[in-house]
$ cat start-v2.cif   # mmCIF, C-alpha atoms and all ligand atoms
data_input
loop_
_atom_site.label_atom_id
_atom_site.label_comp_id
_atom_site.auth_asym_id
_atom_site.auth_seq_id
_atom_site.Cartn_x
_atom_site.Cartn_y
_atom_site.Cartn_z
CA MET A 1 -14.60 16.09 5.86
CA ASN A 2 -12.11 14.29 8.10
CA ALA A 3 -8.55 15.64 7.95
CA MET A 4 -5.70 15.39 10.37
CA LYS A 5 -2.68 17.43 11.34
CA ILE A 6 0.51 15.39 11.29
CA GLU A 7 2.43 17.70 13.60
CA GLY A 8 2.04 16.32 17.12
CA SER A 9 0.37 13.08 15.95
CA VAL A 10 1.46 9.54 16.80
CA ALA A 11 1.95 7.40 13.69
CA LEU A 12 2.69 3.77 12.93
CA VAL A 13 4.14 2.69 9.58
CA THR A 14 4.29 -1.00 8.60
CA GLY A 15 7.23 -2.29 6.57
CA ALA A 16 9.34 0.62 7.82
CA GLY A 17 12.71 -1.13 7.58
CA ARG A 18 13.26 -0.35 3.92
CA GLY A 19 11.73 1.02 0.74
CA LEU A 20 8.71 3.26 0.79
CA GLY A 21 7.93 2.48 4.46
CA ARG A 22 11.27 3.90 5.55
CA VAL A 23 10.57 7.07 3.53
CA PHE A 24 7.01 7.36 4.93
CA ALA A 25 8.48 7.23 8.45
CA ARG A 26 11.15 9.83 7.59
CA GLU A 27 8.54 12.20 6.11
CA LEU A 28 6.37 11.87 9.24
CA VAL A 29 9.34 12.77 11.46
CA SER A 30 10.13 15.77 9.26
CA ARG A 31 6.49 16.94 9.47
CA GLY A 32 6.71 17.02 13.26
CA ALA A 33 4.88 13.84 14.30
CA ALA A 34 5.34 13.50 18.07
CA LEU A 35 6.10 9.77 17.82
CA VAL A 36 6.63 7.52 14.80
CA TYR A 37 6.55 3.77 15.30
CA GLY A 38 8.44 1.97 12.56
CA ALA A 39 7.04 -1.56 12.41
CA ALA A 40 9.06 -4.30 10.72
CA ARG A 41 9.45 -8.06 10.80
CA ASP A 42 13.04 -7.37 11.87
CA PRO A 43 12.92 -4.30 14.11
CA ALA A 44 16.73 -3.99 13.87
CA ALA A 45 16.18 -2.88 10.26
CA VAL A 46 14.42 0.27 11.49
CA THR A 47 17.35 2.68 11.72
CA GLU A 48 15.75 5.93 10.58
CA PRO A 49 16.56 8.72 13.10
CA GLY A 50 13.60 9.59 15.31
CA VAL A 51 11.69 6.38 14.49
CA THR A 52 10.85 3.88 17.26
CA PRO A 53 11.19 0.24 16.13
CA VAL A 54 8.35 -2.23 16.71
CA ALA A 55 8.43 -5.95 15.82
CA LEU A 56 5.50 -6.73 13.55
CA ASP A 57 4.66 -9.31 10.91
CA ILE A 58 1.25 -8.21 9.65
CA THR A 59 0.29 -11.82 8.79
CA ASP A 60 0.72 -12.88 12.45
CA PRO A 61 -2.54 -12.14 14.33
CA GLU A 62 -0.85 -12.31 17.75
CA ARG A 63 1.79 -9.78 16.72
CA VAL A 64 -0.88 -7.51 15.24
CA ALA A 65 -2.91 -7.66 18.47
CA ARG A 66 0.21 -6.98 20.54
CA ALA A 67 1.14 -3.98 18.37
CA ALA A 68 -2.33 -2.53 18.88
CA ARG A 69 -1.94 -2.98 22.67
CA GLU A 70 1.61 -1.61 22.83
CA CYS A 71 1.01 1.30 20.45
CA ALA A 72 -2.32 2.38 21.94
CA ASP A 73 -1.51 6.07 21.33
CA VAL A 74 -1.55 5.79 17.51
CA SER A 75 -3.73 8.25 15.61
CA LEU A 76 -2.27 7.70 12.11
CA LEU A 77 -1.90 4.15 10.77
CA VAL A 78 0.08 3.74 7.55
CA ASN A 79 -0.45 0.26 6.07
CA ASN A 80 2.54 0.15 3.75
CA ALA A 81 3.86 -3.44 4.10
CA GLY A 82 3.34 -5.54 0.99
CA VAL A 83 4.74 -8.27 -1.23
CA MET A 84 4.86 -8.74 -4.99
CA GLN A 85 5.83 -12.17 -6.35
CA ALA A 86 5.69 -11.46 -10.13
CA SER A 87 3.37 -14.43 -10.55
CA THR A 88 0.95 -15.22 -13.37
CA PHE A 89 -2.50 -16.78 -12.81
CA ILE A 90 -2.17 -19.73 -15.20
CA GLY A 91 1.54 -20.21 -15.80
CA ALA A 92 2.72 -20.07 -12.16
CA PRO A 93 3.78 -23.50 -10.84
CA SER A 94 1.35 -23.28 -7.90
CA VAL A 95 -0.94 -20.82 -6.16
CA ASP A 96 1.57 -20.29 -3.34
CA ALA A 97 2.59 -16.82 -4.54
CA ALA A 98 -1.05 -15.78 -4.94
CA ARG A 99 -1.78 -16.95 -1.40
CA LEU A 100 1.21 -15.10 0.07
CA GLU A 101 0.20 -11.87 -1.69
CA MET A 102 -3.42 -12.21 -0.53
CA GLU A 103 -2.34 -13.13 3.03
CA THR A 104 -0.04 -10.11 3.23
CA ASN A 105 -1.57 -7.37 1.10
CA TYR A 106 -5.24 -8.11 1.79
CA PHE A 107 -5.60 -10.15 5.00
CA GLY A 108 -2.58 -8.55 6.71
CA THR A 109 -3.88 -5.04 6.00
CA LEU A 110 -7.40 -6.09 7.01
CA SER A 111 -6.07 -7.42 10.37
CA MET A 112 -4.23 -4.15 10.98
CA CYS A 113 -7.34 -2.08 10.22
CA ARG A 114 -9.48 -4.22 12.51
CA ALA A 115 -6.95 -4.18 15.37
CA PHE A 116 -6.31 -0.44 15.19
CA ALA A 117 -9.88 0.79 14.54
CA PRO A 118 -10.64 1.01 18.30
CA VAL A 119 -7.22 2.58 18.96
CA LEU A 120 -7.92 5.31 16.39
CA ALA A 121 -11.41 5.83 17.83
CA ALA A 122 -9.96 6.25 21.33
CA ASN A 123 -7.50 8.82 19.98
CA GLY A 124 -10.10 11.03 18.31
CA GLY A 125 -10.63 9.26 14.98
CA GLY A 126 -7.31 9.83 13.26
CA ALA A 127 -6.50 8.41 9.85
CA VAL A 128 -5.64 5.22 7.99
CA VAL A 129 -3.44 5.25 4.88
CA ASN A 130 -3.46 2.10 2.75
CA MET A 131 -0.66 1.77 0.20
CA LEU A 132 -2.32 0.38 -2.93
CA SER A 133 -1.17 0.31 -6.56
CA ILE A 134 -2.04 1.11 -10.16
CA THR A 135 -2.68 -2.65 -10.34
CA SER A 136 -5.75 -2.17 -8.14
CA PHE A 137 -7.35 -0.87 -11.36
CA TYR A 138 -6.32 -3.50 -13.93
CA THR A 139 -4.55 -6.84 -14.29
CA ASN A 140 -1.17 -7.33 -15.90
CA PRO A 141 -0.12 -10.99 -16.31
CA ILE A 142 3.44 -10.21 -15.18
CA ASN A 143 2.19 -9.66 -11.64
CA ALA A 144 -1.35 -10.96 -11.98
CA SER A 145 -2.02 -12.30 -8.50
CA TYR A 146 -0.40 -9.21 -6.94
CA GLY A 147 -2.96 -7.13 -8.87
CA ALA A 148 -5.77 -9.30 -7.49
CA SER A 149 -4.52 -8.71 -3.94
CA LYS A 150 -4.27 -4.95 -4.52
CA ALA A 151 -7.77 -4.88 -6.02
CA ALA A 152 -8.99 -6.64 -2.87
CA GLU A 153 -7.08 -4.13 -0.72
CA TRP A 154 -8.65 -1.25 -2.68
CA SER A 155 -12.10 -2.69 -2.01
CA LEU A 156 -11.19 -3.03 1.68
CA THR A 157 -10.05 0.61 1.73
CA ASN A 158 -13.33 1.87 0.29
CA GLY A 159 -15.33 -0.32 2.68
CA ILE A 160 -13.60 0.68 5.89
CA ARG A 161 -13.97 4.36 4.97
CA ILE A 162 -17.71 3.87 5.26
CA GLU A 163 -17.54 1.65 8.35
CA LEU A 164 -15.24 4.03 10.22
CA ALA A 165 -16.94 7.31 9.23
CA HIS A 166 -18.99 7.29 12.45
CA GLN A 167 -15.80 7.51 14.54
CA GLY A 168 -14.31 10.30 12.40
CA THR A 169 -11.50 8.21 10.91
CA GLN A 170 -10.15 9.49 7.59
CA VAL A 171 -9.22 6.69 5.15
CA VAL A 172 -6.80 7.42 2.30
CA GLY A 173 -5.99 4.99 -0.53
CA VAL A 174 -2.69 5.64 -2.32
CA HIS A 175 -2.20 4.27 -5.83
CA ALA A 176 1.09 4.41 -7.72
CA GLY A 177 2.81 2.86 -10.71
CA PHE A 178 6.45 1.82 -10.35
CA ILE A 179 8.21 3.30 -7.32
CA ASP A 180 11.98 3.32 -7.05
CA THR A 181 12.42 0.65 -4.32
CA ASP A 182 13.54 -3.00 -4.12
CA MET A 183 10.11 -4.16 -5.30
CA ALA A 184 10.58 -2.56 -8.71
CA ALA A 185 14.37 -3.06 -8.86
CA GLY A 186 14.16 -5.44 -11.84
CA ILE A 187 11.88 -3.18 -13.86
CA ASN A 188 13.28 -1.01 -16.62
CA ALA A 189 10.57 1.67 -16.80
CA PRO A 190 9.99 5.16 -15.43
CA LYS A 191 9.64 5.14 -11.64
CA ILE A 192 8.38 7.72 -9.21
CA SER A 193 10.51 8.42 -6.13
CA PRO A 194 9.31 7.15 -2.75
CA GLU A 195 9.82 10.71 -1.45
CA SER A 196 7.24 12.03 -3.93
CA VAL A 197 4.73 9.33 -2.93
CA ALA A 198 5.26 10.13 0.78
CA ARG A 199 4.86 13.89 0.24
CA GLN A 200 1.66 13.47 -1.80
CA THR A 201 0.28 11.01 0.74
CA PHE A 202 0.69 13.22 3.79
CA ASP A 203 -0.44 16.32 1.87
CA ALA A 204 -3.67 14.37 1.18
CA VAL A 205 -3.99 13.32 4.83
CA GLU A 206 -3.64 16.94 5.94
CA ALA A 207 -6.06 18.18 3.24
CA GLY A 208 -8.81 15.68 4.09
CA GLY A 209 -8.30 13.67 0.88
CA VAL A 210 -9.51 10.13 0.25
CA GLU A 211 -7.31 9.08 -2.65
CA VAL A 212 -3.85 9.75 -4.06
CA LEU A 213 -3.09 8.94 -7.70
CA ALA A 214 0.64 9.49 -7.44
CA ASP A 215 1.81 9.60 -11.07
CA GLU A 216 0.54 10.39 -14.57
CA ARG A 217 0.18 6.74 -15.65
CA THR A 218 -1.91 5.92 -12.57
CA ARG A 219 -4.15 8.96 -13.15
CA LYS A 220 -4.56 7.95 -16.81
CA PHE A 221 -5.42 4.33 -15.97
CA LYS A 222 -8.03 5.27 -13.39
CA ALA A 223 -9.60 7.74 -15.82
CA SER A 224 -9.68 4.98 -18.47
CA LEU A 225 -11.66 2.50 -16.35
CA PRO A 226 -15.04 3.06 -18.03
CA ARG A 227 -13.37 2.05 -21.33
CA ASP A 228 -10.76 -0.38 -19.95
CA HIS A 229 -11.31 -3.06 -22.64
CA GLU A 230 -10.66 -0.45 -25.28
CA LEU A 231 -7.99 1.73 -23.63
CA ILE A 232 -6.12 -0.55 -21.20
CA TYR A 233 -6.32 -4.25 -22.07
CA PRO A 234 -5.31 -4.11 -25.78
CA GLN A 235 -1.95 -2.54 -24.80
CA ILE A 236 -1.47 -5.07 -21.99
CA GLN A 237 -2.23 -7.92 -24.43
CA GLU A 238 0.28 -6.50 -26.91
CA PHE A 239 2.93 -6.19 -24.17
CA TRP A 240 2.24 -9.75 -23.01
CA ASP A 241 2.37 -11.15 -26.56
CA THR A 242 5.76 -9.46 -27.11
CA LEU A 243 7.04 -10.76 -23.78
CA THR A 244 5.94 -14.35 -24.39
CA LYS A 245 6.65 -14.52 -28.16
CA GLY A 246 8.60 -17.67 -28.91
CA SER A 247 8.28 -18.96 -25.35
CA GLY A 248 5.92 -21.64 -26.16
N1 LIG B 301 7.68 -0.43 -5.62
C1 LIG B 301 6.65 -0.31 -6.42
O1 LIG B 301 6.79 -0.24 -7.66
C2 LIG B 301 5.26 -0.19 -5.85
C3 LIG B 301 4.23 0.35 -6.65
C4 LIG B 301 2.95 0.50 -6.14
C5 LIG B 301 2.70 0.12 -4.84
N2 LIG B 301 3.70 -0.42 -4.07
C6 LIG B 301 3.36 -0.82 -2.70
O2 LIG B 301 4.12 -0.02 -1.80
C7 LIG B 301 4.30 -0.73 -0.58
C8 LIG B 301 5.77 -0.68 -0.18
O3 LIG B 301 6.51 -1.40 -1.12
P1 LIG B 301 8.03 -1.07 -1.48
O4 LIG B 301 8.04 -0.53 -2.84
O5 LIG B 301 8.67 -0.31 -0.38
O6 LIG B 301 8.57 -2.58 -1.56
P2 LIG B 301 9.77 -3.27 -0.84
O7 LIG B 301 10.99 -2.45 -0.97
O8 LIG B 301 9.76 -4.67 -1.38
O9 LIG B 301 9.34 -3.29 0.70
C9 LIG B 301 8.25 -4.06 1.16
C10 LIG B 301 8.12 -3.83 2.65
O10 LIG B 301 7.01 -4.60 3.14
C11 LIG B 301 7.48 -5.36 4.26
N3 LIG B 301 6.72 -6.59 4.44
C12 LIG B 301 6.48 -7.57 3.56
N4 LIG B 301 5.75 -8.55 4.12
C13 LIG B 301 5.54 -8.18 5.41
C14 LIG B 301 4.86 -8.76 6.50
N5 LIG B 301 4.25 -9.96 6.41
N6 LIG B 301 4.83 -8.09 7.68
C15 LIG B 301 5.45 -6.90 7.81
N7 LIG B 301 6.13 -6.29 6.81
C16 LIG B 301 6.16 -6.93 5.63
C17 LIG B 301 8.94 -5.63 3.95
O11 LIG B 301 9.60 -6.03 5.12
P3 LIG B 301 10.91 -6.99 5.09
O12 LIG B 301 12.08 -6.08 4.99
O13 LIG B 301 10.81 -7.73 6.39
O14 LIG B 301 10.77 -7.90 3.89
C18 LIG B 301 9.36 -4.27 3.42
O15 LIG B 301 9.59 -3.37 4.48
C19 LIG B 301 3.74 -2.14 -0.81
O16 LIG B 301 2.44 -2.24 -0.28
C20 LIG B 301 3.70 -2.24 -2.33
O17 LIG B 301 2.75 -3.18 -2.77
C21 LIG B 301 4.96 -0.55 -4.53
#
$ encode --input "start-v2.cif" --output "structure tokens"
Amino acid sequence: MNAMKIEGSVALVTGAGRGLGRVFARELVSRGAALVYGAARDPAAVTEPGVTPVALDITDPERVARAARECADVSLLVNNAGVMQASTFIGAPSVDAARLEMETNYFGTLSMCRAFAPVLAANGGGAVVNMLSITSFYTNPINASYGASKAAEWSLTNGIRIELAHQGTQVVGVHAGFIDTDMAAGINAPKISPESVARQTFDAVEAGGVEVLADERTRKFKASLPRDHELIYPQIQEFWDTLTKGSG
């Protein structure tokens, strides 16, 4: 079992300028990480005390490579950055939103894992945390292409765990339903706090875990997968029918 101690570690969190990324960085500082790099497209947005700003757009391969060179002491990589465009598969005007979500959530995270794998190896193995979603497990038309990108990112997470086992790198996938950040600002439904997600995530890292199912709905959906067409999709269809009733 790979597990890592956060106290004294060097961590990098993507998307650390706001939302969950900011809270991940704060939690790492409070757990005694020796150095926390807060990576953001606009490093000026990284204002959390004790967090060192780094300029990083995860869809820019040159920036990713530079981050891996400049932050060569990282032993804990937290791939948090992500986008959600609330885009359907069929009704969306184009596939632009689907491409952006795939470029960011899947290819961006993949680039980060590839660039930092040798860094983690050089620093004793360390750990990777990938911030996934309940939508890795099922598709909801309201954010359909986002779900596809998170399913791809889930697959990536399970694959790199196997590929990186030989170098002792722990890989943790974190799934959650709605979290109280900008991304879910327009949603009127129960939301988990980013602080709870961050606490559960780093508890799992320190306990040698591989997966966090951060809230009751996420645990229920994953447990329902063997019977998804019976237990999940009828309620999603009903929700979608209500939402689109009279729209055409
Ligand atoms: N909120 C939810 O309900 C929810 C639920 C499950 C999972 N998640 C996942 O949790 C993670 C954090 O989301 P959040 O809730 O904190 O959303 P958020 O408030 O919208 O923040 C998204 C973060 O990702 C960054 N980002 C987006 N594209 C980027 C890129 N190309 N390069 C670098 N950074 C980029 C953003 O930076 P800028 O400030 O530069 O835009 C921002 O810091 C995401 O992976 C999301 O999919 C969220």
$ residues_around --input "start-v2.cif" --residues "Ile179 of chain A" --least-positions-apart "6" --cutoff "6 Å" --atoms "all atoms listed in the file" --output "number ranges by chain"
A: 191-193
$ closest_atom_pairs --input "start-v2.cif" --of "chain A" --to "ligand LIG 301 (chain B)" --cutoff "9 Å" --atoms "all atoms listed in the file" --output "Markdown table"
| residue | atom | partner | partner_atom | distance |
| --- | --- | --- | --- | --- |
| A:Thr14 | CA | B:LIG301 | N7 | 5.9 |
| A:Gly15 | CA | B:LIG301 | O15 | 3.3 |
| A:Ala16 | CA | B:LIG301 | O15 | 5.2 |
| A:Gly17 | CA | B:LIG301 | O15 | 4.9 |
| A:Arg18 | CA | B:LIG301 | O15 | 4.8 |
| A:Gly19 | CA | B:LIG301 | O5 | 3.5 |
| A:Leu20 | CA | B:LIG301 | O5 | 3.8 |
| A:Gly21 | CA | B:LIG301 | O5 | 5.6 |
| A:Arg22 | CA | B:LIG301 | O15 | 7.5 |
| A:Val23 | CA | B:LIG301 | O5 | 8.6 |
| A:Ala39 | CA | B:LIG301 | C15 | 7.2 |
| A:Ala40 | CA | B:LIG301 | N7 | 5.3 |
| A:Arg41 | CA | B:LIG301 | O13 | 4.6 |
| A:Asp42 | CA | B:LIG301 | O13 | 5.9 |
| A:Pro43 | CA | B:LIG301 | O13 | 8.7 |
| A:Ala45 | CA | B:LIG301 | O12 | 7.4 |
| A:Ala55 | CA | B:LIG301 | C15 | 8.6 |
| A:Leu56 | CA | B:LIG301 | C15 | 5.7 |
| A:Asp57 | CA | B:LIG301 | N6 | 3.5 |
| A:Ile58 | CA | B:LIG301 | N6 | 4.1 |
| A:Thr59 | CA | B:LIG301 | N5 | 5.0 |
| A:Asp60 | CA | B:LIG301 | N5 | 7.6 |
| A:Asn79 | CA | B:LIG301 | O16 | 7.4 |
| A:Asn80 | CA | B:LIG301 | O16 | 4.7 |
| A:Ala81 | CA | B:LIG301 | O10 | 3.5 |
| A:Gly82 | CA | B:LIG301 | O16 | 3.6 |
| A:Val83 | CA | B:LIG301 | C12 | 5.1 |
| A:Met84 | CA | B:LIG301 | O17 | 6.3 |
| A:Leu100 | CA | B:LIG301 | N5 | 8.7 |
| A:Glu101 | CA | B:LIG301 | N4 | 8.7 |
| A:Glu103 | CA | B:LIG301 | N5 | 8.1 |
| A:Thr104 | CA | B:LIG301 | N5 | 5.3 |
| A:Asn105 | CA | B:LIG301 | O16 | 6.7 |
| A:Gly108 | CA | B:LIG301 | N5 | 7.0 |
| A:Asn130 | CA | B:LIG301 | O16 | 7.9 |
| A:Met131 | CA | B:LIG301 | O16 | 5.1 |
| A:Leu132 | CA | B:LIG301 | C5 | 5.4 |
| A:Ser133 | CA | B:LIG301 | C4 | 4.1 |
| A:Ile134 | CA | B:LIG301 | C4 | 6.4 |
| A:Thr135 | CA | B:LIG301 | C4 | 7.7 |
| A:Tyr146 | CA | B:LIG301 | O17 | 8.0 |
| A:Lys150 | CA | B:LIG301 | O17 | 7.4 |
| A:Val174 | CA | B:LIG301 | C5 | 8.1 |
| A:His175 | CA | B:LIG301 | C4 | 6.4 |
| A:Ala176 | CA | B:LIG301 | C4 | 4.6 |
| A:Gly177 | CA | B:LIG301 | C3 | 5.0 |
| A:Phe178 | CA | B:LIG301 | O1 | 3.4 |
| A:Ile179 | CA | B:LIG301 | O1 | 3.8 |
| A:Asp180 | CA | B:LIG301 | N1 | 5.9 |
| A:Thr181 | CA | B:LIG301 | O4 | 4.8 |
| A:Asp182 | CA | B:LIG301 | O7 | 4.1 |
| A:Met183 | CA | B:LIG301 | O8 | 4.0 |
| A:Ala184 | CA | B:LIG301 | O1 | 4.6 |
| A:Ala185 | CA | B:LIG301 | N1 | 7.9 |
| A:Ile187 | CA | B:LIG301 | O1 | 8.5 |
| A:Lys191 | CA | B:LIG301 | O1 | 7.3 |
| A:Ile192 | CA | B:LIG301 | O1 | 8.3 |
| A:Pro194 | CA | B:LIG301 | O4 | 7.8 |
$ residues_around --input "start-v2.cif" --residues "Ile142 of chain A" --least-positions-apart "3" --cutoff "9 Å" --atoms "only C-alpha atoms" --output "PyMOL selection string"
chain A and resi 86-88+139+145+240
$ closest_residue --input "start-v2.cif" --among "A:Asp241, A:Asp96, A:Glu70, A:Glu153" --to "Leu110 of chain A" --atoms "only C-alpha atoms"
A:Glu153
$ closest_residue --input "start-v2.cif" --among "A:Ile162, A:Leu231, A:Ala98, A:Val171" --to "Val128 of chain A" --atoms "all atoms listed in the file"
A:Val171
$ residues_around --input "start-v2.cif" --residues "Ser111 of chain A" --least-positions-apart "4" --cutoff "9 Å" --atoms "only C-alpha atoms" --output "PyMOL selection string"
chain A and resi 58-61+64-65+106-107+115-116
$ closest_residue --input "start-v2.cif" --among "A:Gly209, A:Pro141, A:Gly125, A:Pro49" --to "Ile90 of chain A" --atoms "all atoms listed in the file"
A:Pro141
$ atom_distance --input "start-v2.cif" --atom1 "atom CA of Arg161 of chain A" --atom2 "atom CA of Ala223 of chain A"
21.5 Å
$ closest_residue --input "start-v2.cif" --among "A:Ser136, A:Ser75, A:Thr244, A:Thr47" --to "Met4 of chain A" --atoms "all atoms listed in the file"
A:Ser75
$ atom_distance --input "start-v2.cif" --atom1 "atom CA of Cys113 of chain A" --atom2 "atom CA of Ala165 of chain A"
13.5 Å
$ closest_residue --input "start-v2.cif" --among "A:Ala148, A:Asn143, A:Tyr138, A:Thr201" --to "Thr218 of chain A" --atoms "all atoms listed in the file"
A:Tyr138
$ atom_distance --input "start-v2.cif" --atom1 "atom CA of Gly124 of chain A" --atom2 "atom CA of Thr52 of chain A"
22.2 Å
